[in-house]
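In what follows, a structure is listed as structure tokens, so that the remarks can point back to it.
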Amino acid sequence: MTKSELILRIGELNPHLYHRDVERIVTTIFEEITQALAKRERVELRGFGAFSVKFREARRGRNPRTGETVAVEQKVVPFFKTGKELRDRLNGRIETEPAKTPSSAGGAGKEP
Amino acid sequence: MTGKTITRADLSESVYQEVGLSRNESAELVDTVLEEISAALTRGESVKISSFGSFLVRMKGERIGRNPKTGEEVPIKPRRVLVFRASHVLKDRVNKGIAS
């Protein structure tokens, strides 16, 4: 599933919303997470998972092709830890909730 | 480093500010988005969000683990795990730090 497919899906579930607004909703969510991480803040979404950043010390790296030593600067990397509920769902310990069925998701049933 | 933690409520508030929907509906939409991503992953699909990152489902084989407390060997069953790979855009923005 790509971001645009996700937007289409949310649109199907919310036929009263303009496509443009659904796009803004999805974009806002990821933009907020990004901004929080840029401020080194943690984003905790119960049942889904938590985003945070980890610090990496500066180190001597090596170009694997040439064997040349290169300095790798200190950096920050985004990190995601899967939430318990989602981890359990991935392993079939919790039934997948049927997709919410608001007003008219008519014909949206898309089975793998 | 601030100790602040962003939650679903903060995301709902941003959606509320950004789009002219009620607070309630904004909160429901945040839940729906997370639920749809989870549902796709549970079906075994990967989810790719451009300029953010990808969520991939990986299969892990069985291995022998050990109870660190008792030293007892326990088999760890094959399982599916979720990995998140941040996009370059996200990595760059996180490294630029507090830009805004």
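Each chain of the structure tokens is named A, B, ... in the order shown, its residues numbered from 1; ligands are numbered from 1 in display order.
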
Test item, strand (DSSP E) assignment across chain A, answer as a PyMOL selection string: chain A and resi 42-45+49-56+59-62+69-72+75-82

May I have the residues of chain A within 9 Å of chain B, counting only C-alpha atoms, written as a PyMOL selection string? chain A and resi 1-4+6-7+9-10+13-14+21-22+24-26+28-46+48+53+75-82+86-87+89-92+96-100+111-112

Among the residues of range 27-65 of chain A, find those DSSP assigns to alpha helix (DSSP H) from the backbone and print them as a PyMOL selection string. chain A and resi 27-38

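Straight-line separation from CA of His88 in chain B to CA of Phe55 in chain A: 16.5 Å.
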